[in-house]
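The file start-v5.txt contains compact mmCIF, C-alpha atoms:
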```
# COMPACT_ATOMS: atom_id res chain seq x y z
CA MET A 55 91.03 103.99 71.12
CA ASN A 56 89.77 102.74 74.49
CA LYS A 57 86.85 105.18 74.28
CA LEU A 58 85.99 103.96 70.78
CA ARG A 59 86.15 100.34 71.97
CA LYS A 60 83.95 101.14 74.95
CA TRP A 61 81.32 102.88 72.83
CA SER A 62 81.45 100.18 70.18
CA ARG A 63 80.66 97.59 72.83
CA ILE A 64 77.84 99.67 74.29
CA LEU A 65 76.25 100.37 70.91
CA HIS A 66 76.74 96.81 69.68
CA ARG A 67 75.20 95.39 72.84
CA ASP A 68 72.22 97.74 73.11
CA PHE A 69 71.32 97.86 69.41
CA GLY A 70 71.79 94.10 69.34
CA TYR A 71 69.30 93.64 72.17
CA PHE A 72 66.85 96.13 70.73
CA PHE A 73 66.76 94.51 67.31
CA ILE A 74 66.68 90.83 68.36
CA GLY A 75 62.96 90.66 67.51
CA THR A 76 63.35 92.35 64.14
CA THR A 77 66.36 90.18 63.29
CA LEU A 78 64.31 87.06 64.00
CA ILE A 79 61.43 88.38 61.86
CA TYR A 80 63.70 88.94 58.85
CA ALA A 81 65.72 85.76 59.42
CA LEU A 82 62.64 83.52 59.67
CA SER A 83 60.80 85.14 56.78
CA GLY A 84 64.02 85.17 54.74
CA ILE A 85 64.36 81.39 55.07
CA ALA A 86 60.62 80.94 54.47
CA LEU A 87 60.55 83.07 51.32
CA ASN A 88 63.79 81.56 49.96
CA HIS A 89 61.92 78.30 49.55
CA LEU A 90 58.69 79.51 47.98
CA ASN A 91 58.89 76.76 45.37
CA ASP A 92 59.08 74.07 48.02
CA TRP A 93 56.31 75.07 50.37
CA ASN A 94 53.61 77.61 51.11
CA PRO A 95 55.28 79.82 53.74
CA ASN A 96 52.06 81.54 54.81
CA TYR A 97 49.56 78.70 55.05
CA THR A 98 49.42 75.03 55.91
CA VAL A 99 47.42 73.17 53.29
CA GLU A 100 45.28 70.17 54.11
CA ARG A 101 43.46 68.37 51.30
CA LYS A 102 40.59 65.95 51.72
CA GLU A 103 38.82 64.00 48.99
CA PHE A 104 35.10 63.32 49.21
CA ALA A 105 32.08 62.24 47.20
CA THR A 106 28.73 64.01 47.42
CA GLN A 107 25.19 63.27 46.31
CA ILE A 108 24.28 66.97 46.21
CA SER A 109 23.39 68.19 42.72
CA LEU A 110 25.68 71.01 41.61
CA VAL A 111 24.37 71.60 38.12
CA LYS A 112 23.39 75.11 37.05
CA ASP A 113 19.75 75.47 38.02
CA ALA A 114 17.53 77.54 40.29
CA GLN A 115 18.55 75.45 43.34
CA LEU A 116 22.28 75.96 42.86
CA ASP A 117 22.78 78.60 45.60
CA GLN A 118 21.08 76.39 48.21
CA ASN A 119 22.89 73.29 46.98
CA VAL A 120 26.29 74.96 47.18
CA ALA A 121 25.47 76.09 50.73
CA ALA A 122 24.47 72.49 51.55
CA LEU A 123 27.76 71.23 50.09
CA VAL A 124 29.75 73.61 52.29
CA LYS A 125 27.77 72.46 55.32
CA GLU A 126 28.49 68.85 54.39
CA VAL A 127 32.23 68.97 53.65
CA ALA A 128 33.48 72.10 55.43
CA PRO A 129 30.88 72.95 58.10
CA ARG A 130 33.15 75.39 59.95
CA GLU A 131 33.92 77.46 56.88
CA GLU A 132 32.05 80.44 55.48
CA LEU A 133 30.87 80.33 51.84
CA LYS A 134 32.16 83.26 49.77
CA LYS A 135 31.57 82.68 46.04
CA TYR A 136 31.58 79.96 43.44
CA TYR A 137 32.08 79.60 39.69
CA PHE A 138 32.51 76.97 37.00
CA PRO A 139 36.14 76.95 35.79
CA GLN A 140 35.39 74.19 33.26
CA ASP A 141 32.38 72.23 32.09
CA HIS A 142 31.35 69.85 34.87
CA TYR A 143 33.60 71.44 37.49
CA ILE A 144 32.55 73.89 40.17
CA LYS A 145 34.96 75.75 42.43
CA VAL A 146 33.64 77.05 45.73
CA PHE A 147 35.60 79.67 47.66
CA LEU A 148 35.50 79.65 51.44
CA GLY A 149 36.61 82.15 54.04
CA GLY A 150 40.31 82.20 54.93
CA GLY A 151 41.41 81.11 51.44
CA SER A 152 40.07 77.53 51.60
CA SER A 153 38.24 76.12 48.59
CA ILE A 154 36.31 73.14 47.24
CA VAL A 155 36.44 71.72 43.69
CA VAL A 156 33.77 69.22 42.63
CA ASN A 157 33.14 67.25 39.46
CA THR A 158 29.46 68.01 38.98
CA GLN A 159 28.88 64.78 37.05
CA SER A 160 30.51 62.26 39.37
CA GLY A 161 30.10 64.19 42.64
CA GLU A 162 33.76 63.53 43.46
CA GLY A 163 35.62 66.45 44.86
CA GLU A 164 38.45 67.78 46.95
CA VAL A 165 38.38 70.35 49.70
CA GLU A 166 41.52 72.34 50.44
CA PHE A 167 41.76 73.82 53.90
CA LEU A 168 44.22 76.67 54.38
CA LYS A 169 45.36 77.68 57.84
CA LYS A 170 47.68 80.57 58.54
CA ARG A 171 51.08 79.40 59.78
CA ALA A 172 51.70 80.86 63.21
CA VAL A 173 54.72 83.21 63.35
CA PHE A 174 55.69 82.64 59.68
CA TYR A 175 52.52 84.31 58.34
CA GLN A 176 53.09 87.39 60.49
CA ALA A 177 56.86 87.51 59.82
CA ASN A 178 56.31 87.21 56.06
CA PHE A 179 53.62 89.88 56.21
CA LEU A 180 56.08 92.33 57.76
CA HIS A 181 58.89 91.26 55.40
CA TYR A 182 56.83 92.53 52.46
CA ASN A 183 56.69 96.10 53.79
CA PRO A 184 52.97 96.37 54.51
CA HIS A 185 53.09 100.02 55.59
CA LYS A 186 55.35 102.99 55.06
CA TRP A 187 56.02 103.33 58.81
CA TRP A 188 57.24 99.76 58.87
CA MET A 189 59.41 100.61 55.87
CA TRP A 190 61.06 103.39 57.88
CA PHE A 191 61.49 101.14 60.90
CA SER A 192 63.07 98.42 58.75
CA ASP A 193 65.37 101.03 57.19
CA ILE A 194 66.50 101.94 60.70
CA PHE A 195 67.01 98.24 61.34
CA ALA A 196 69.15 97.97 58.18
CA GLY A 197 71.16 100.98 59.40
CA ALA A 198 71.57 99.28 62.77
CA LEU A 199 72.94 96.17 61.03
CA ILE A 200 75.58 98.37 59.38
CA LEU A 201 76.36 99.87 62.79
CA LEU A 202 76.63 96.39 64.32
CA SER A 203 79.08 95.41 61.56
CA VAL A 204 81.21 98.52 62.00
CA THR A 205 81.28 98.40 65.80
CA SER A 206 82.42 94.76 65.67
CA PHE A 207 85.73 96.00 64.21
CA PHE A 208 86.57 97.83 67.42
CA MET A 209 85.01 95.72 70.17
CA VAL A 210 87.81 93.26 70.81
CA LYS A 211 91.53 93.90 70.72
CA GLY A 212 94.43 91.52 70.24
CA LYS A 213 94.49 88.14 68.50
CA HIS A 214 90.70 87.70 68.72
CA GLY A 215 90.02 91.15 67.27
CA ILE A 216 89.90 92.53 63.77
CA THR A 217 93.69 92.31 63.46
CA GLY A 218 93.59 88.58 64.27
CA ARG A 219 90.91 85.92 64.07
CA GLY A 220 88.17 88.52 63.58
CA GLY A 221 89.94 89.78 60.48
CA ILE A 222 90.13 86.28 59.00
CA TYR A 223 86.41 85.69 59.57
CA THR A 224 85.59 89.11 58.12
CA ALA A 225 87.65 88.37 55.01
CA LEU A 226 85.91 84.99 54.62
CA GLY A 227 82.55 86.68 54.99
CA PHE A 228 83.38 88.95 52.07
CA LEU A 229 85.05 86.20 50.04
CA ILE A 230 82.06 83.86 49.93
CA PRO A 231 79.66 86.32 48.24
CA ILE A 232 82.48 87.43 45.92
CA LEU A 233 83.06 83.81 44.86
CA PHE A 234 79.33 83.42 44.23
CA LEU A 235 79.36 86.57 42.10
CA ILE A 236 82.35 85.35 40.10
CA TYR A 237 80.66 81.99 39.54
CA LEU A 238 77.16 83.31 38.79
CA LEU A 239 78.12 86.33 36.66
CA ARG A 240 80.81 84.62 34.60
CA MET B 24 44.48 107.33 70.09
CA TRP B 25 46.47 109.78 67.96
CA VAL B 26 48.73 106.98 66.80
CA ALA B 27 45.69 105.03 65.66
CA VAL B 28 44.30 108.06 63.83
CA LEU B 29 47.65 108.65 62.11
CA PHE B 30 47.94 105.02 61.09
CA ILE B 31 44.48 105.07 59.57
CA SER B 32 45.06 108.35 57.74
CA CYS B 33 48.40 107.17 56.35
CA ASN B 34 47.11 103.81 55.19
CA PRO B 35 45.82 104.23 51.63
CA ASP B 36 42.61 102.27 51.21
CA GLN B 37 42.80 101.34 47.55
CA SER B 38 39.27 99.98 47.56
CA LYS B 39 37.81 103.43 48.25
CA GLU B 40 38.75 104.81 44.82
CA LYS B 41 35.83 105.13 42.47
CA THR B 42 35.85 102.80 39.52
CA THR B 43 33.92 104.88 37.00
CA GLU B 44 34.32 106.33 33.49
CA ALA B 45 36.35 103.53 31.90
CA PRO B 46 34.43 101.00 29.74
CA VAL B 47 33.35 97.75 31.35
CA ILE B 48 34.58 94.60 29.59
CA ALA B 49 33.10 91.22 30.45
CA LEU B 50 35.73 88.56 31.11
CA ALA B 51 34.07 86.44 28.41
CA ASP B 52 34.99 89.12 25.86
CA PHE B 53 38.28 90.20 27.32
CA ASN B 54 40.65 88.29 25.07
CA THR B 55 38.79 89.29 21.91
CA LYS B 56 38.23 92.95 22.85
CA ALA B 57 41.38 93.76 24.84
CA GLY B 58 43.38 94.49 21.66
CA GLU B 59 41.28 97.61 21.12
CA TRP B 60 42.05 98.87 24.62
CA VAL B 61 45.79 98.37 24.97
CA GLY B 62 47.22 101.24 27.01
CA LYS B 63 43.76 102.42 28.04
CA GLU B 64 41.73 102.13 31.22
CA VAL B 65 39.03 99.49 31.46
CA ILE B 66 36.88 97.94 34.16
CA VAL B 67 36.48 94.21 34.66
CA GLU B 68 34.60 92.22 37.24
CA GLY B 69 35.17 88.72 38.53
CA ILE B 70 36.06 86.46 41.42
CA VAL B 71 39.65 86.36 42.68
CA ASP B 72 40.71 82.77 42.03
CA HIS B 73 44.08 83.27 43.69
CA VAL B 74 46.72 85.82 44.57
CA CYS B 75 50.20 84.86 43.37
CA LYS B 76 52.21 83.53 46.30
CA HIS B 77 55.45 84.77 44.71
CA GLY B 78 55.26 88.32 45.97
CA GLY B 79 51.48 88.72 45.87
CA LYS B 80 51.57 91.32 43.10
CA ARG B 81 49.45 89.36 40.64
CA LEU B 82 45.96 88.00 40.94
CA PHE B 83 43.84 85.80 38.71
CA LEU B 84 40.34 87.12 38.11
CA VAL B 85 37.75 84.62 36.85
CA ASP B 86 34.12 83.97 36.15
CA ASP B 87 32.24 81.20 34.35
CA GLN B 88 33.07 82.67 30.96
CA GLY B 89 36.64 83.90 31.11
CA ASP B 90 39.63 85.06 33.10
CA VAL B 91 42.38 87.66 33.23
CA HIS B 92 45.57 88.32 35.15
CA VAL B 93 45.81 91.58 37.06
CA ASP B 94 49.29 92.88 37.93
CA SER B 95 50.08 95.50 40.52
CA GLU B 96 53.12 97.31 41.85
CA LYS B 97 51.81 96.72 45.37
CA ARG B 98 50.93 93.46 47.04
CA PHE B 99 47.35 92.28 46.95
CA ASP B 100 45.76 91.17 50.18
CA ASP B 101 45.59 87.35 50.39
CA ALA B 102 42.10 87.70 51.85
CA LEU B 103 40.81 88.79 48.41
CA LYS B 104 40.81 85.15 47.33
CA GLY B 105 37.23 84.15 46.60
CA SER B 106 35.95 87.73 46.64
CA GLN B 107 33.91 89.32 43.86
CA ILE B 108 35.74 92.49 42.84
CA VAL B 109 35.49 95.22 40.25
CA VAL B 110 38.93 96.19 38.99
CA LYS B 111 39.94 99.33 37.16
CA GLY B 112 43.21 99.05 35.28
CA ILE B 113 45.13 99.55 32.07
CA VAL B 114 45.16 96.85 29.42
CA THR B 115 48.65 95.59 28.60
CA GLU B 116 49.73 93.31 25.79
CA PHE B 117 52.50 90.72 25.87
CA ARG B 118 53.55 89.56 22.41
CA VAL B 119 54.98 86.16 21.64
CA ASP B 120 56.67 85.98 18.24
CA GLU B 121 59.45 83.98 16.60
CA ALA B 122 62.16 86.23 18.07
CA TYR B 123 60.75 85.61 21.55
CA CYS B 124 60.61 81.86 20.91
CA LEU B 125 64.25 81.79 19.74
CA GLN B 126 65.38 83.80 22.76
CA GLN B 127 63.50 81.52 25.13
CA GLU B 128 64.87 78.44 23.38
CA GLN B 129 68.44 79.68 23.83
CA ASP B 130 67.83 80.35 27.55
CA PHE B 131 66.29 76.90 28.07
CA ILE B 132 69.15 75.15 26.24
CA GLN B 133 71.70 77.08 28.32
CA LYS B 134 69.97 76.26 31.61
CA HIS B 135 69.70 72.62 30.61
CA LYS B 136 73.39 72.53 29.67
CA GLU B 137 74.33 74.08 33.02
CA GLY B 138 72.27 71.50 34.87
CA VAL B 139 69.86 74.11 36.27
CA ASP B 140 66.88 72.42 34.58
CA PRO B 141 66.59 68.63 34.59
CA ASP B 142 65.44 66.80 31.42
CA SER B 143 61.80 66.77 32.49
CA VAL B 144 61.66 70.54 33.07
CA TYR B 145 63.63 71.24 29.89
CA ASN B 146 61.31 69.05 27.79
CA GLN B 147 58.26 70.71 29.31
CA LYS B 148 59.61 74.19 28.52
CA MET B 149 60.47 73.21 24.96
CA GLU B 150 56.96 71.81 24.50
CA GLY B 151 55.68 75.24 25.56
CA ILE B 152 57.73 76.89 22.80
CA GLN B 153 56.39 74.36 20.31
CA TYR B 154 52.88 75.17 21.49
CA TYR B 155 53.46 78.87 20.74
CA ARG B 156 54.76 78.05 17.26
CA ASP B 157 51.87 75.69 16.53
CA SER B 158 49.38 78.29 17.74
CA MET B 159 50.89 80.99 15.50
CA LYS B 160 50.81 78.60 12.57
CA THR B 161 47.20 77.61 13.23
CA ALA B 162 46.15 81.24 13.60
CA GLY B 163 48.12 82.22 10.48
CA LYS B 164 49.79 85.05 12.43
CA ASP B 165 53.39 86.03 13.13
CA HIS B 166 52.66 86.65 16.81
CA LEU B 167 50.34 85.79 19.67
CA SER B 168 48.97 88.45 22.00
CA TYR B 169 48.40 87.82 25.69
CA TYR B 170 46.51 90.55 27.48
CA SER B 171 46.49 91.40 31.14
CA ILE B 172 45.57 94.37 33.33
CA GLU B 173 47.84 96.78 35.15
CA TYR B 174 46.00 97.46 38.39
CA ILE B 175 44.77 100.94 39.33
CA SER B 176 42.06 100.29 41.90
CA HIS B 177 39.33 97.91 42.94
CA GLU B 178 36.04 97.71 44.77
CA GLU B 179 34.88 94.61 46.56
CA LYS B 180 31.30 93.52 45.94
CA LYS B 181 29.40 91.88 48.74
```
Any chance you could give the structure as structure tokens?
Amino acid sequence: MNKLRKWSRILHRDFGYFFIGTTLIYALSGIALNHLNDWNPNYTVERKEFATQISLVKDAQLDQNVAALVKEVAPREELKKYYFPQDHYIKVFLGGGSSIVVNTQSGEGEVEFLKKRAVFYQANFLHYNPHKWWMWFSDIFAGALILLSVTSFFMVKGKHGITGRGGIYTALGFLIPILFLIYLLR
Amino acid sequence: MWVAVLFISCNPDQSKEKTTEAPVIALADFNTKAGEWVGKEVIVEGIVDHVCKHGGKRLFLVDDQGDVHVDSEKRFDDALKGSQIVVKGIVTEFRVDEAYCLQQEQDFIQKHKEGVDPDSVYNQKMEGIQYYRDSMKTAGKDHLSYYSIEYISHEEKK
């Protein structure tokens, strides 16, 4: 039993250290993606209204005029494409996901600047399994989480261990999802 | 070096697949012609208006004349937004009929009763059902067809 406890501690400690980074990636992206309806977890969105005198009607000058519009309202952005989603409205796509919508009659418009959220963008990218090697690595991580759970049974003996307080916490940890299941699947 | 080579060779570049053979349908004609091509491969071209933020497996392809949703089993790259692309895919049909409306109605009533949907959301959803029924009545049909594309491959146009 002492040998099992010793090895449980060693494995729990070393796997725990090794997977701190991966745990944070999945924890952060998990919170971020849980609230997709409340925010954009990948980008910050900044909107700015403007009015322009540049003509954006469909004519031979349109390409140059759209380029002039981009220079006027979003000079740091690169022009990608544009189209007319409705009569009298033009939508201009910019690099990095930003865009401009203008009422071609009134000249009033709105530019939407998207900026990648530091850390969250990268964590969410990995969360969605971008590559099969990452999939294998995250499978190993999932296996390590199981190992961390199992080794925690044997790490501590006595009243703080699995036969004491640890057991109560473990039971509560199972009980909460079971209660959710009973409530949600009734 | 070898790691880099392996990564590149294992990373499928979907945009490299040739989009040939299948008929090309203009987005302007898509809704009227798609019915003839359900279950078959077609090619469409347009600008990516947005990639769905809920999972990134759906994009909205547009041009001045029309639009279509493209669904994929894999995530689309966010960077496609605003790009002109040629998509090869299979036309799929989603039918809305009275049975669908009744089923949806039941779900909405249940969610409203359980307090999941507030009055405003519930009313909005029920208006949507009414819109389907009105549209079927106006068209003199027992169903409405909504067409989309199941993604196979794409090429980006510069």
> Counting all atoms listed in the file, which residues from chain A have an atom at most 6 Å from any atom of chain B, and could you show them as JSON, numbers by chain?
Replying inline: {"A": [135, 137, 138, 139, 147, 151]}
Counting all atoms listed in the file, which residues come within 12 Å of (62.0, 75.2, 25.8), with the point read in the file's coordinates, and could you list them as a compact mmCIF listing (two decimals) with C-alpha atoms, keeping the file's coordinate frame?
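out02.txt, freshly written:
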```txt
# COMPACT_ATOMS: atom_id res chain seq x y z
CA TYR B 123 60.75 85.61 21.55
CA CYS B 124 60.61 81.86 20.91
CA LEU B 125 64.25 81.79 19.74
CA GLN B 126 65.38 83.80 22.76
CA GLN B 127 63.50 81.52 25.13
CA GLU B 128 64.87 78.44 23.38
CA GLN B 129 68.44 79.68 23.83
CA ASP B 130 67.83 80.35 27.55
CA PHE B 131 66.29 76.90 28.07
CA ILE B 132 69.15 75.15 26.24
CA GLN B 133 71.70 77.08 28.32
CA LYS B 134 69.97 76.26 31.61
CA HIS B 135 69.70 72.62 30.61
CA ASP B 140 66.88 72.42 34.58
CA PRO B 141 66.59 68.63 34.59
CA ASP B 142 65.44 66.80 31.42
CA SER B 143 61.80 66.77 32.49
CA VAL B 144 61.66 70.54 33.07
CA TYR B 145 63.63 71.24 29.89
CA ASN B 146 61.31 69.05 27.79
CA GLN B 147 58.26 70.71 29.31
CA LYS B 148 59.61 74.19 28.52
CA MET B 149 60.47 73.21 24.96
CA GLU B 150 56.96 71.81 24.50
CA GLY B 151 55.68 75.24 25.56
CA ILE B 152 57.73 76.89 22.80
CA GLN B 153 56.39 74.36 20.31
CA TYR B 154 52.88 75.17 21.49
CA TYR B 155 53.46 78.87 20.74
CA ARG B 156 54.76 78.05 17.26
```
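Atom pair CA of Ser152 (chain A) / CA of Ile85 (chain A) has a distance of 24.8 Å (rounded to one decimal).
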>> One decimal, in Å: what's the spacing between CA of Gly220 (chain A) and CA of Ile74 (chain A)?
In response: 22.1 Å
> Skipping near chain neighbours, those fewer than 3 positions away, what residues fall within 12 Å of Leu116 (chain A) using all atoms listed in the file, listed as number ranges by chain?
Replying inline: A: 108-113, 119-123, 135-138, 144, 146, 158
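For the point (72.6, 97.0, 71.1), the residues with at least one atom inside 12 Å, counting only C-alpha atoms, are Trp61, Ser62, Arg63, Ile64, Leu65, His66, Arg67, Asp68, Phe69, Gly70, Tyr71, Phe72, Phe73, Ile74, Phe195, Ala198, Leu199, Leu201, Leu202, Ser203, Thr205 and Ser206 of chain A.
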> How many Å separate CA of Asn91 (chain A) from CA of Val156 (chain A)?
Replying inline: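 Going from CA of Asn91 (chain A) over to CA of Val156 (chain A) covers 26.4 Å.
Considering the residues B:Lys136, B:Asn54, B:Val93, B:Ile113 and counting all atoms listed in the file, Leu167 (chain B) has its shortest atom-to-atom contact with B:Asn54.
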>> When you look at Leu148 (chain A) with a cut-off of 10 Å (counting all atoms listed in the file), what residues show up, excluding the ones that are within fewer than 6 positions of it in the same chain? I need them as an MDAnalysis selection string.
In response: (chainID A and resid 124 128 130:136 154 165:168) or (chainID B and resid 104:106)
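If you measure from each of B:Ile66, B:Ala45, B:Glu178, B:Cys75 to Leu90 (chain A) using all atoms listed in the file, the closest one turns out to be B:Cys75.
Nearest residue to Ala49 (chain B), choosing from B:Ile108, B:Val67, B:Leu84, B:Val91 and counting only C-alpha atoms: B:Val67.
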Place all heavy atoms on region 59-69 of chain A and deliver the coordinates as a JSON list (two decimals), keeping the file's coordinate frame.
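The resulting file, selection.json, is reproduced below:
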```json
[["chain", "number", "residue", "atom", "x", "y", "z"],
["A", 59, "ARG", "N", 86.47, 101.75, 71.68],
["A", 59, "ARG", "CA", 86.15, 100.34, 71.97],
["A", 59, "ARG", "C", 84.97, 100.27, 72.95],
["A", 59, "ARG", "O", 84.05, 99.47, 72.77],
["A", 59, "ARG", "CB", 87.39, 99.67, 72.56],
["A", 59, "ARG", "CG", 87.19, 98.18, 72.81],
["A", 59, "ARG", "CD", 88.50, 97.46, 73.06],
["A", 59, "ARG", "NE", 89.31, 97.43, 71.85],
["A", 59, "ARG", "CZ", 90.51, 97.97, 71.75],
["A", 59, "ARG", "NH1", 91.07, 98.56, 72.78],
["A", 59, "ARG", "NH2", 91.18, 97.91, 70.62],
["A", 60, "LYS", "N", 85.02, 101.14, 73.96],
["A", 60, "LYS", "CA", 83.95, 101.14, 74.95],
["A", 60, "LYS", "C", 82.60, 101.43, 74.29],
["A", 60, "LYS", "O", 81.61, 100.72, 74.50],
["A", 60, "LYS", "CB", 84.27, 102.18, 76.02],
["A", 60, "LYS", "CG", 83.26, 102.25, 77.15],
["A", 60, "LYS", "CD", 83.57, 103.41, 78.07],
["A", 60, "LYS", "CE", 82.35, 103.72, 78.94],
["A", 60, "LYS", "NZ", 82.51, 104.98, 79.63],
["A", 61, "TRP", "N", 82.58, 102.49, 73.46],
["A", 61, "TRP", "CA", 81.32, 102.88, 72.83],
["A", 61, "TRP", "C", 80.85, 101.85, 71.79],
["A", 61, "TRP", "O", 79.66, 101.64, 71.61],
["A", 61, "TRP", "CB", 81.44, 104.27, 72.20],
["A", 61, "TRP", "CG", 81.17, 105.32, 73.24],
["A", 61, "TRP", "CD1", 82.09, 106.10, 73.86],
["A", 61, "TRP", "CD2", 79.90, 105.63, 73.80],
["A", 61, "TRP", "NE1", 81.48, 106.91, 74.79],
["A", 61, "TRP", "CE2", 80.12, 106.65, 74.77],
["A", 61, "TRP", "CE3", 78.60, 105.17, 73.62],
["A", 61, "TRP", "CZ2", 79.10, 107.19, 75.53],
["A", 61, "TRP", "CZ3", 77.57, 105.72, 74.36],
["A", 61, "TRP", "CH2", 77.83, 106.72, 75.32],
["A", 62, "SER", "N", 81.81, 101.23, 71.14],
["A", 62, "SER", "CA", 81.45, 100.18, 70.18],
["A", 62, "SER", "C", 80.75, 99.03, 70.90],
["A", 62, "SER", "O", 79.74, 98.51, 70.42],
["A", 62, "SER", "CB", 82.71, 99.64, 69.48],
["A", 62, "SER", "OG", 83.24, 100.62, 68.64],
["A", 63, "ARG", "N", 81.28, 98.67, 72.05],
["A", 63, "ARG", "CA", 80.66, 97.59, 72.83],
["A", 63, "ARG", "C", 79.26, 97.97, 73.29],
["A", 63, "ARG", "O", 78.32, 97.18, 73.21],
["A", 63, "ARG", "CB", 81.51, 97.26, 74.05],
["A", 63, "ARG", "CG", 82.75, 96.47, 73.71],
["A", 63, "ARG", "CD", 83.62, 96.29, 74.94],
["A", 63, "ARG", "NE", 84.77, 95.50, 74.61],
["A", 63, "ARG", "CZ", 85.16, 94.43, 75.29],
["A", 63, "ARG", "NH1", 84.49, 94.05, 76.35],
["A", 63, "ARG", "NH2", 86.22, 93.76, 74.93],
["A", 64, "ILE", "N", 79.15, 99.21, 73.79],
["A", 64, "ILE", "CA", 77.84, 99.67, 74.29],
["A", 64, "ILE", "C", 76.81, 99.67, 73.16],
["A", 64, "ILE", "O", 75.70, 99.13, 73.29],
["A", 64, "ILE", "CB", 77.96, 101.07, 74.93],
["A", 64, "ILE", "CG1", 78.76, 100.98, 76.23],
["A", 64, "ILE", "CG2", 76.59, 101.68, 75.18],
["A", 64, "ILE", "CD1", 79.16, 102.33, 76.81],
["A", 65, "LEU", "N", 77.20, 100.27, 72.04],
["A", 65, "LEU", "CA", 76.25, 100.37, 70.91],
["A", 65, "LEU", "C", 75.92, 98.99, 70.37],
["A", 65, "LEU", "O", 74.76, 98.68, 70.07],
["A", 65, "LEU", "CB", 76.84, 101.25, 69.80],
["A", 65, "LEU", "CG", 76.94, 102.74, 70.11],
["A", 65, "LEU", "CD1", 77.70, 103.47, 69.01],
["A", 65, "LEU", "CD2", 75.55, 103.35, 70.26],
["A", 66, "HIS", "N", 76.94, 98.16, 70.22],
["A", 66, "HIS", "CA", 76.74, 96.81, 69.68],
["A", 66, "HIS", "C", 75.79, 96.02, 70.58],
["A", 66, "HIS", "O", 74.85, 95.37, 70.10],
["A", 66, "HIS", "CB", 78.09, 96.09, 69.58],
["A", 66, "HIS", "CG", 78.06, 94.90, 68.70],
["A", 66, "HIS", "ND1", 78.44, 94.94, 67.38],
["A", 66, "HIS", "CD2", 77.69, 93.60, 68.93],
["A", 66, "HIS", "CE1", 78.31, 93.74, 66.84],
["A", 66, "HIS", "NE2", 77.86, 92.91, 67.76],
["A", 67, "ARG", "N", 76.03, 96.12, 71.88],
["A", 67, "ARG", "CA", 75.20, 95.39, 72.84],
["A", 67, "ARG", "C", 73.75, 95.90, 72.83],
["A", 67, "ARG", "O", 72.82, 95.12, 72.64],
["A", 67, "ARG", "CB", 75.79, 95.57, 74.25],
["A", 67, "ARG", "CG", 75.03, 94.84, 75.35],
["A", 67, "ARG", "CD", 75.47, 95.36, 76.70],
["A", 67, "ARG", "NE", 75.13, 96.77, 76.87],
["A", 67, "ARG", "CZ", 75.75, 97.61, 77.70],
["A", 67, "ARG", "NH1", 76.77, 97.18, 78.42],
["A", 67, "ARG", "NH2", 75.37, 98.88, 77.80],
["A", 68, "ASP", "N", 73.58, 97.21, 72.95],
["A", 68, "ASP", "CA", 72.22, 97.74, 73.11],
["A", 68, "ASP", "C", 71.41, 97.68, 71.81],
["A", 68, "ASP", "O", 70.23, 97.33, 71.84],
["A", 68, "ASP", "CB", 72.28, 99.17, 73.65],
["A", 68, "ASP", "CG", 72.77, 99.19, 75.10],
["A", 68, "ASP", "OD1", 72.88, 98.09, 75.69],
["A", 68, "ASP", "OD2", 73.06, 100.28, 75.63],
["A", 69, "PHE", "N", 72.05, 98.01, 70.69],
["A", 69, "PHE", "CA", 71.32, 97.86, 69.41],
["A", 69, "PHE", "C", 71.04, 96.39, 69.13],
["A", 69, "PHE", "O", 70.00, 96.04, 68.59],
["A", 69, "PHE", "CB", 72.14, 98.47, 68.25],
["A", 69, "PHE", "CG", 71.89, 99.93, 68.07],
["A", 69, "PHE", "CD1", 72.57, 100.87, 68.83],
["A", 69, "PHE", "CD2", 70.97, 100.39, 67.14],
["A", 69, "PHE", "CE1", 72.33, 102.22, 68.68],
["A", 69, "PHE", "CE2", 70.73, 101.74, 66.98],
["A", 69, "PHE", "CZ", 71.41, 102.67, 67.75]]
```
